[in-house]
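Below: start.cif (mmCIF, C-alpha atoms)
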```cif
data_target
loop_
_atom_site.label_atom_id
_atom_site.label_comp_id
_atom_site.auth_asym_id
_atom_site.auth_seq_id
_atom_site.Cartn_x
_atom_site.Cartn_y
_atom_site.Cartn_z
CA MET A 7 -8.75 -8.91 -10.33
CA THR A 8 -5.15 -9.86 -9.56
CA LEU A 9 -3.00 -9.10 -12.60
CA LEU A 10 0.40 -10.18 -11.24
CA ARG A 11 0.71 -12.97 -8.66
CA VAL A 12 4.02 -13.89 -7.04
CA GLU A 13 4.07 -16.63 -4.39
CA GLY A 14 7.10 -18.16 -2.69
CA LEU A 15 9.42 -16.90 -5.43
CA THR A 16 13.02 -18.09 -5.23
CA ALA A 17 15.93 -17.30 -7.56
CA SER A 18 19.69 -17.70 -7.70
CA TYR A 19 22.70 -16.33 -9.51
CA GLY A 20 24.65 -19.52 -10.10
CA ALA A 21 25.35 -21.08 -6.72
CA SER A 22 24.34 -17.91 -4.85
CA GLN A 23 20.68 -17.80 -3.85
CA ALA A 24 19.19 -14.29 -3.91
CA LEU A 25 15.45 -14.82 -3.32
CA PHE A 26 14.17 -17.12 -0.59
CA GLY A 27 10.41 -16.54 -0.69
CA VAL A 28 8.93 -13.39 -2.21
CA ASP A 29 5.16 -12.91 -2.14
CA LEU A 30 3.42 -9.98 -3.81
CA GLY A 31 0.48 -9.18 -5.99
CA VAL A 32 -0.64 -6.30 -8.19
CA ALA A 33 -4.29 -5.91 -9.11
CA GLU A 34 -5.66 -4.23 -12.22
CA GLY A 35 -5.30 -0.46 -11.80
CA GLU A 36 -3.30 -0.76 -8.58
CA VAL A 37 0.03 0.90 -7.73
CA VAL A 38 2.28 -1.19 -5.49
CA ALA A 39 5.58 0.01 -4.00
CA LEU A 40 8.32 -2.63 -3.73
CA MET A 41 10.57 -1.47 -0.92
CA GLY A 42 13.61 -2.53 1.06
CA ARG A 43 17.22 -1.62 1.70
CA ASN A 44 19.86 -2.03 -1.01
CA GLY A 45 20.71 -5.63 -1.84
CA MET A 46 17.51 -7.09 -0.39
CA GLY A 47 16.23 -8.59 -3.66
CA LYS A 48 14.07 -5.91 -5.28
CA THR A 49 15.79 -5.81 -8.67
CA THR A 50 16.20 -9.59 -8.66
CA THR A 51 12.45 -9.89 -8.12
CA VAL A 52 11.85 -7.57 -11.08
CA LYS A 53 14.23 -9.59 -13.26
CA ALA A 54 12.43 -12.82 -12.32
CA ILE A 55 9.02 -11.31 -13.14
CA CYS A 56 10.31 -10.13 -16.52
CA ARG A 57 11.91 -13.56 -17.15
CA MET A 58 15.44 -12.21 -17.30
CA ILE A 59 16.66 -14.82 -14.79
CA PRO A 60 15.40 -18.33 -13.92
CA SER A 61 13.21 -18.67 -10.85
CA GLN A 62 10.95 -21.08 -9.00
CA GLY A 63 7.66 -20.64 -7.18
CA GLY A 64 4.32 -19.19 -8.15
CA LEU A 65 4.61 -16.58 -10.88
CA ALA A 66 1.60 -15.67 -13.01
CA PHE A 67 0.49 -12.69 -15.08
CA ALA A 68 -3.09 -12.29 -16.29
CA GLY A 69 -3.65 -15.96 -15.48
CA GLN A 70 -0.66 -17.15 -17.51
CA ASP A 71 2.34 -18.97 -16.04
CA LEU A 72 5.32 -16.67 -16.52
CA HIS A 73 7.77 -19.51 -15.95
CA ALA A 74 6.75 -20.88 -19.35
CA MET A 75 7.67 -17.63 -21.12
CA PRO A 76 10.93 -16.17 -22.38
CA SER A 77 11.38 -12.47 -21.66
CA TYR A 78 10.09 -11.27 -25.03
CA ARG A 79 6.83 -13.17 -24.54
CA ALA A 80 6.39 -11.69 -21.06
CA ALA A 81 6.74 -8.25 -22.66
CA ARG A 82 4.21 -9.14 -25.35
CA ALA A 83 1.84 -10.40 -22.66
CA GLY A 84 1.74 -6.88 -21.28
CA ILE A 85 4.64 -6.32 -18.88
CA GLY A 86 6.47 -3.06 -19.57
CA LEU A 87 9.83 -2.58 -17.84
CA VAL A 88 11.76 0.59 -17.11
CA PRO A 89 15.00 -1.08 -15.99
CA GLU A 90 17.47 0.13 -13.42
CA GLY A 91 20.17 2.05 -15.27
CA ARG A 92 17.80 3.08 -18.12
CA ARG A 93 19.49 0.93 -20.83
CA CYS A 94 18.40 3.00 -23.79
CA PHE A 95 19.65 1.93 -27.21
CA ALA A 96 22.58 4.36 -27.19
CA GLY A 97 23.29 4.25 -30.94
CA LEU A 98 19.68 4.83 -31.98
CA LYS A 99 17.94 8.18 -32.19
CA VAL A 100 15.27 9.08 -29.65
CA ALA A 101 12.47 8.47 -32.15
CA GLU A 102 14.03 5.15 -33.15
CA ASN A 103 14.17 4.02 -29.51
CA LEU A 104 10.44 4.65 -29.23
CA THR A 105 9.38 3.07 -32.52
CA ALA A 106 11.56 0.00 -31.89
CA ALA A 107 9.37 -0.87 -28.90
CA ALA A 108 6.01 0.17 -30.33
CA ARG A 109 3.03 -2.15 -30.13
CA PRO A 110 -0.62 -1.38 -30.99
CA GLY A 111 -2.58 0.51 -28.37
CA PRO A 112 -3.36 3.95 -26.97
CA TRP A 113 0.26 4.90 -26.28
CA SER A 114 1.67 6.45 -29.44
CA MET A 115 4.64 8.68 -30.25
CA ASP A 116 2.42 11.76 -29.95
CA ARG A 117 1.15 10.70 -26.54
CA VAL A 118 4.67 10.04 -25.24
CA HIS A 119 5.74 13.44 -26.58
CA ALA A 120 2.81 15.03 -24.72
CA LEU A 121 3.97 13.34 -21.51
CA PHE A 122 7.63 14.25 -22.08
CA PRO A 123 7.88 17.26 -24.47
CA ARG A 124 11.67 17.10 -24.25
CA LEU A 125 11.63 13.83 -26.18
CA ALA A 126 9.90 15.57 -29.07
CA GLU A 127 12.60 18.26 -29.02
CA ARG A 128 15.35 15.59 -29.02
CA ALA A 129 13.68 13.21 -31.49
CA GLY A 130 16.56 13.31 -33.97
CA GLN A 131 19.36 12.99 -31.41
CA ARG A 132 21.07 9.75 -30.51
CA ALA A 133 20.14 8.45 -27.07
CA ALA A 134 23.79 8.51 -26.00
CA SER A 135 23.79 12.32 -26.33
CA LEU A 136 20.94 12.83 -23.85
CA SER A 137 21.31 13.85 -20.23
CA GLY A 138 20.60 11.25 -17.55
CA GLY A 139 17.16 12.70 -16.92
CA GLU A 140 16.30 12.71 -20.60
CA GLN A 141 17.45 9.10 -20.93
CA GLN A 142 15.16 8.20 -18.04
CA MET A 143 12.25 9.89 -19.79
CA LEU A 144 13.13 7.93 -22.91
CA ALA A 145 13.23 4.65 -20.97
CA ILE A 146 9.76 5.35 -19.57
CA GLY A 147 8.44 6.43 -22.96
CA ARG A 148 9.86 3.29 -24.57
CA ALA A 149 8.10 1.09 -21.98
CA LEU A 150 4.82 2.92 -22.53
CA MET A 151 5.13 2.43 -26.30
CA THR A 152 4.79 -1.32 -25.67
CA ASN A 153 1.27 -0.49 -24.38
CA PRO A 154 1.63 -2.61 -21.24
CA ARG A 155 -1.01 -3.69 -18.79
CA LEU A 156 1.59 -3.55 -15.99
CA LEU A 157 4.36 -0.93 -15.89
CA ILE A 158 7.38 -1.80 -13.72
CA LEU A 159 9.72 1.05 -12.80
CA ASP A 160 12.99 0.00 -11.16
CA GLU A 161 14.61 3.01 -9.46
CA ALA A 162 13.33 5.43 -12.10
CA THR A 163 14.42 8.53 -10.16
CA GLU A 164 17.76 7.30 -8.83
CA GLY A 165 20.70 9.65 -9.36
CA LEU A 166 18.65 12.41 -10.98
CA ALA A 167 18.60 16.09 -10.07
CA PRO A 168 15.66 17.08 -7.83
CA VAL A 169 13.90 19.06 -10.56
CA VAL A 170 14.11 16.10 -12.95
CA ARG A 171 12.91 13.70 -10.26
CA GLN A 172 9.82 15.85 -9.86
CA GLU A 173 9.20 15.70 -13.62
CA ILE A 174 9.40 11.92 -13.51
CA TRP A 175 7.04 11.67 -10.54
CA ALA A 176 4.60 14.05 -12.22
CA ALA A 177 4.63 11.84 -15.31
CA ILE A 178 3.95 8.71 -13.23
CA HIS A 179 0.99 10.46 -11.58
CA THR A 180 -0.29 11.46 -15.02
CA VAL A 181 -0.02 7.90 -16.34
CA ARG A 182 -2.01 6.61 -13.40
CA ALA A 183 -4.65 9.34 -13.52
CA GLU A 184 -5.21 9.12 -17.27
CA THR A 185 -4.98 5.37 -17.80
CA GLY A 186 -5.51 3.52 -14.52
CA MET A 187 -2.54 1.35 -15.51
CA ALA A 188 -1.23 -1.12 -12.93
CA ILE A 189 2.21 -0.05 -11.72
CA LEU A 190 4.93 -1.76 -9.67
CA LEU A 191 7.34 0.86 -8.31
CA VAL A 192 10.81 0.29 -6.89
CA ASP A 193 12.05 3.55 -5.37
CA LYS A 194 13.63 4.97 -2.22
CA SER A 195 11.51 8.13 -1.98
CA LEU A 196 9.00 7.28 0.74
CA LYS A 197 7.47 10.75 0.48
CA GLU A 198 6.57 10.20 -3.17
CA LEU A 199 5.58 6.56 -2.76
CA VAL A 200 3.09 7.47 -0.03
CA ARG A 201 1.47 9.94 -2.42
CA ILE A 202 0.91 7.48 -5.27
CA ALA A 203 1.01 3.86 -4.07
CA ASP A 204 -1.99 1.93 -2.78
CA ARG A 205 0.05 -0.77 -1.07
CA ALA A 206 3.64 -1.58 -0.17
CA VAL A 207 5.61 -4.81 -0.11
CA ILE A 208 8.90 -4.79 1.80
CA LEU A 209 11.73 -7.24 1.15
CA ALA A 210 14.59 -8.15 3.48
CA ARG A 211 17.24 -10.71 2.62
CA GLY A 212 15.27 -12.00 -0.33
CA ARG A 213 11.99 -12.51 1.53
CA THR A 214 8.76 -10.58 1.92
CA VAL A 215 8.74 -9.32 5.49
CA TRP A 216 5.81 -6.91 5.36
CA ALA A 217 2.90 -6.15 3.05
CA GLY A 218 -0.06 -3.87 3.50
CA ALA A 219 -1.79 -0.60 2.68
CA MET A 220 0.39 2.49 2.51
CA ASP A 221 -1.53 4.12 5.36
CA ALA A 222 -0.55 1.15 7.56
CA LEU A 223 3.16 1.71 6.88
CA THR A 224 4.24 3.20 10.20
CA PRO A 225 7.55 4.94 10.96
CA GLU A 226 8.49 1.93 13.11
CA ILE A 227 8.05 -0.46 10.17
CA THR A 228 10.04 1.72 7.78
CA GLN A 229 12.80 2.22 10.35
CA ARG A 230 13.05 -1.53 10.93
CA HIS A 231 12.99 -2.67 7.32
CA VAL A 232 13.79 0.29 5.07
CA GLY A 233 15.97 2.52 7.20
CA VAL A 234 13.97 5.67 6.51
#
```
So that I can check it, write out the structure of this file as structure tokens.
Amino acid sequence: MTLLRVEGLTASYGASQALFGVDLGVAEGEVVALMGRNGMGKTTTVKAICRMIPSQGGLAFAGQDLHAMPSYRAARAGIGLVPEGRRCFAGLKVAENLTAAARPGPWSMDRVHALFPRLAERAGQRAASLSGGEQQMLAIGRALMTNPRLLILDEATEGLAPVVRQEIWAAIHTVRAETGMAILLVDKSLKELVRIADRAVILARGRTVWAGAMDALTPEITQRHVGV
């Protein structure tokens, strides 16, 4: 069953159009990689899905029209976002960041602490005092505490030390293996995306230019559209 459906999506920032026709879908339990060079519309697509910017075109989640929802209702419908830049609540403690987002479901404080033990160790610290990697763990934990049906991770490993990146990727693999949660991943690490994603969607200049199974993603396609 298709959980997220995006068809002919367009969006603008004022007079500047950023998306000209994005098509993608994520099925229940599926991991989809959203790929493309910088500035090609990946984050704008994520913002449109999460109702952070206006958009036009087909946009539905679990059979509901997302265009009719403000961002908080999209979150309550089951879309969990780990935004680019983390955006933790800097003045709140780690535990407060997690409880602020909590909704009923299998993901609890204890389960997030099991996934990221460092968050348990830092529970009483303010988010602003954490390292970049720890803030990223907190951003992922906060999204999981909403108990989403679809987890969207926008550049969740960008700018992190290699050892921390591996911790983040290990956590994403664990989430998939233990829950079968649908995941939409924006990331530049083709090596890691090939290991976890079922399909890829590539954007160029605000349009979908390629979509298919990860094993059909040839070096020629990545060189042409991703620059890998």
Legend entry - Spatial neighbours of Pro154 of chain A, max dist 6 Å, all atoms listed in the file, sep filter under 5 positions, as a PyMOL selection string: chain A and resi 84-86
Can you tell me which residues surround Ala134 of chain A at a distance of at most 7 Å, considering only C-alpha atoms, apart from same-chain residues fewer than 2 positions away, and format the answer as an mmCIF file with C-alpha atoms, in the frame of the given file?
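The file below, result.cif, is the result:
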```
data_model
loop_
_atom_site.group_PDB
_atom_site.id
_atom_site.type_symbol
_atom_site.label_atom_id
_atom_site.label_comp_id
_atom_site.auth_asym_id
_atom_site.auth_seq_id
_atom_site.Cartn_x
_atom_site.Cartn_y
_atom_site.Cartn_z
ATOM 1 C CA ALA A 96 22.580 4.360 -27.190
ATOM 2 C CA GLY A 97 23.290 4.250 -30.940
ATOM 3 C CA ARG A 132 21.070 9.750 -30.510
ATOM 4 C CA LEU A 136 20.940 12.830 -23.850
#
```
Inset, instruction - For Ala210 of chain A, work out the shell of residues within 8 Å, counting only C-alpha atoms and skipping chain neighbours fewer than 6 positions away, then give it as a PyMOL selection string. - result: chain A and resi 42-43+46-47+231
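Take the candidates A:Met143, A:Ala120, A:Met151, A:Ala162 and check each one against Thr105 of chain A using only C-alpha atoms; the shortest distance goes to A:Met151.
Shortest separation to Ile202 of chain A among A:Ala167, A:Gly64, A:Lys48, A:Val37 occurs at residue A:Val37, atoms counted being all atoms listed in the file.
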Legend entry - Contacts of Met75 of chain A at 12 Å (all atoms listed in the file; same-chain gap of 2+ positions) as number ranges by chain: A: 54-61, 65-67, 70-73, 77-83, 85
Legend entry - Among the residues A:Val215, A:Ile208, A:Leu156, A:Ala126, the one that comes closest to Val232 of chain A [using only C-alpha atoms]: A:Ile208
Can you turn the PyMOL selection byres ((chain A and resi 87) around 6) into a concrete residue list for this file, as a PDB file with C-alpha atoms, in the coordinates of the input?
```pdb
ATOM      1  CA  GLY A  86       6.470  -3.060 -19.570  1.00  0.00           C
ATOM      2  CA  VAL A  88      11.760   0.590 -17.110  1.00  0.00           C
ATOM      3  CA  PRO A  89      15.000  -1.080 -15.990  1.00  0.00           C
ATOM      4  CA  ALA A 149       8.100   1.090 -21.980  1.00  0.00           C
ATOM      5  CA  ILE A 158       7.380  -1.800 -13.720  1.00  0.00           C
TER       6      ILE A 158
END
```
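Atom pair atom CA of Thr152 of chain A / atom CA of Leu104 of chain A: separated by 9.0 Å.
For the pair atom CA of Ala145 of chain A and atom CA of Arg182 of chain A, the separation is 17.1 Å.
Every residue within 8 Å of the file position (0.3, -8.2, -10.9), judged by only C-alpha atoms, is given as Thr8, Leu9, Leu10, Arg11, Val12, Leu30, Gly31, Val32, Ala33, Glu34, Ala66, Phe67, Ala68, Leu156 and Ala188 of chain A.
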Export C-alpha atoms of the chosen residues as a PDB file, keeping the file's coordinate frame?
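Result file is again-v5.pdb:
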```
ATOM      1  CA  THR A   8      -5.150  -9.860  -9.560  1.00  0.00           C
ATOM      2  CA  LEU A   9      -3.000  -9.100 -12.600  1.00  0.00           C
ATOM      3  CA  LEU A  10       0.400 -10.180 -11.240  1.00  0.00           C
ATOM      4  CA  ARG A  11       0.710 -12.970  -8.660  1.00  0.00           C
ATOM      5  CA  VAL A  12       4.020 -13.890  -7.040  1.00  0.00           C
ATOM      6  CA  LEU A  30       3.420  -9.980  -3.810  1.00  0.00           C
ATOM      7  CA  GLY A  31       0.480  -9.180  -5.990  1.00  0.00           C
ATOM      8  CA  VAL A  32      -0.640  -6.300  -8.190  1.00  0.00           C
ATOM      9  CA  ALA A  33      -4.290  -5.910  -9.110  1.00  0.00           C
ATOM     10  CA  GLU A  34      -5.660  -4.230 -12.220  1.00  0.00           C
ATOM     11  CA  ALA A  66       1.600 -15.670 -13.010  1.00  0.00           C
ATOM     12  CA  PHE A  67       0.490 -12.690 -15.080  1.00  0.00           C
ATOM     13  CA  ALA A  68      -3.090 -12.290 -16.290  1.00  0.00           C
ATOM     14  CA  LEU A 156       1.590  -3.550 -15.990  1.00  0.00           C
ATOM     15  CA  ALA A 188      -1.230  -1.120 -12.930  1.00  0.00           C
TER      16      ALA A 188
END
```
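Once Leu223 of chain A and its same-chain neighbours fewer than 5 positions away are set aside, Val200, Arg205, Ala206, Val207, Trp216, Ala217, Gly218 and Thr228 of chain A remain within 10 Å of it when counting all atoms listed in the file.
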Inset, instruction - Please write as a PyMOL selection string the full residue list that the PyMOL selection byres ((chain A and resi 160) around 10) yields on this file. - result: chain A and resi 40+48-49+52-53+87-92+157-159+161-164+190-193
Legend entry - Hits of the PyMOL selection byres ((chain A and resi 174) around 10) in this structure, as a ChimeraX atom specification: /A:121-122,139-140,142-143,146,162-163,166,168-173,175-180
Write a file for segment 196-224 of chain A of the given structure; include N, CA and C atoms and format it as a compact mmCIF listing (two decimals), in the first residue's frame.
```txt
# COMPACT_ATOMS: atom_id res chain seq x y z
N LEU A 196 26.11 7.54 -1.02
CA LEU A 196 25.57 6.49 -1.89
C LEU A 196 25.87 5.10 -1.33
N LYS A 197 27.05 4.94 -0.75
CA LYS A 197 27.44 3.64 -0.19
C LYS A 197 26.43 3.18 0.86
N GLU A 198 26.04 4.09 1.74
CA GLU A 198 25.09 3.73 2.79
C GLU A 198 23.67 3.62 2.26
N LEU A 199 23.30 4.48 1.33
CA LEU A 199 21.95 4.41 0.76
C LEU A 199 21.71 3.09 0.04
N VAL A 200 22.72 2.61 -0.68
CA VAL A 200 22.60 1.34 -1.39
C VAL A 200 22.34 0.20 -0.41
N ARG A 201 22.91 0.31 0.78
CA ARG A 201 22.77 -0.76 1.77
C ARG A 201 21.38 -0.82 2.39
N ILE A 202 20.68 0.31 2.44
CA ILE A 202 19.42 0.33 3.20
C ILE A 202 18.19 0.61 2.35
N ALA A 203 18.32 1.37 1.27
CA ALA A 203 17.14 1.82 0.52
C ALA A 203 16.66 0.75 -0.46
N ASP A 204 15.35 0.70 -0.63
CA ASP A 204 14.74 -0.19 -1.63
C ASP A 204 14.73 0.47 -3.00
N ARG A 205 14.41 1.76 -3.00
CA ARG A 205 14.32 2.50 -4.26
C ARG A 205 14.96 3.87 -4.10
N ALA A 206 15.23 4.51 -5.25
CA ALA A 206 15.76 5.86 -5.25
C ALA A 206 14.92 6.73 -6.18
N VAL A 207 14.82 8.00 -5.81
CA VAL A 207 14.21 9.02 -6.65
C VAL A 207 15.24 10.14 -6.76
N ILE A 208 15.56 10.54 -7.98
CA ILE A 208 16.57 11.57 -8.20
C ILE A 208 15.90 12.83 -8.74
N LEU A 209 16.25 13.96 -8.12
CA LEU A 209 15.74 15.26 -8.57
C LEU A 209 16.84 16.05 -9.25
N ALA A 210 16.45 16.81 -10.27
CA ALA A 210 17.34 17.77 -10.92
C ALA A 210 16.51 18.98 -11.31
N ARG A 211 16.93 20.14 -10.87
CA ARG A 211 16.25 21.39 -11.17
C ARG A 211 14.76 21.34 -10.84
N GLY A 212 14.47 20.75 -9.68
CA GLY A 212 13.10 20.74 -9.20
C GLY A 212 12.17 19.75 -9.85
N ARG A 213 12.74 18.79 -10.57
CA ARG A 213 11.91 17.76 -11.24
C ARG A 213 12.47 16.38 -10.94
N THR A 214 11.59 15.38 -10.95
CA THR A 214 12.04 14.00 -10.88
C THR A 214 12.59 13.60 -12.25
N VAL A 215 13.86 13.18 -12.25
CA VAL A 215 14.48 12.80 -13.52
C VAL A 215 14.77 11.31 -13.60
N TRP A 216 14.71 10.62 -12.46
CA TRP A 216 14.91 9.18 -12.47
C TRP A 216 14.29 8.60 -11.21
N ALA A 217 13.70 7.41 -11.35
CA ALA A 217 13.17 6.68 -10.20
C ALA A 217 13.26 5.19 -10.51
N GLY A 218 13.65 4.43 -9.51
CA GLY A 218 13.73 2.99 -9.73
C GLY A 218 14.36 2.29 -8.55
N ALA A 219 14.51 0.97 -8.69
CA ALA A 219 15.11 0.16 -7.63
C ALA A 219 16.58 0.52 -7.46
N MET A 220 17.09 0.38 -6.25
CA MET A 220 18.49 0.73 -6.00
C MET A 220 19.44 -0.09 -6.86
N ASP A 221 19.10 -1.35 -7.13
CA ASP A 221 20.01 -2.17 -7.92
C ASP A 221 20.00 -1.79 -9.40
N ALA A 222 19.08 -0.89 -9.79
CA ALA A 222 19.07 -0.38 -11.16
C ALA A 222 19.79 0.96 -11.28
N LEU A 223 20.30 1.46 -10.15
CA LEU A 223 20.98 2.75 -10.13
C LEU A 223 22.44 2.54 -10.55
N THR A 224 22.71 2.74 -11.83
CA THR A 224 24.03 2.46 -12.39
C THR A 224 24.99 3.62 -12.14
```
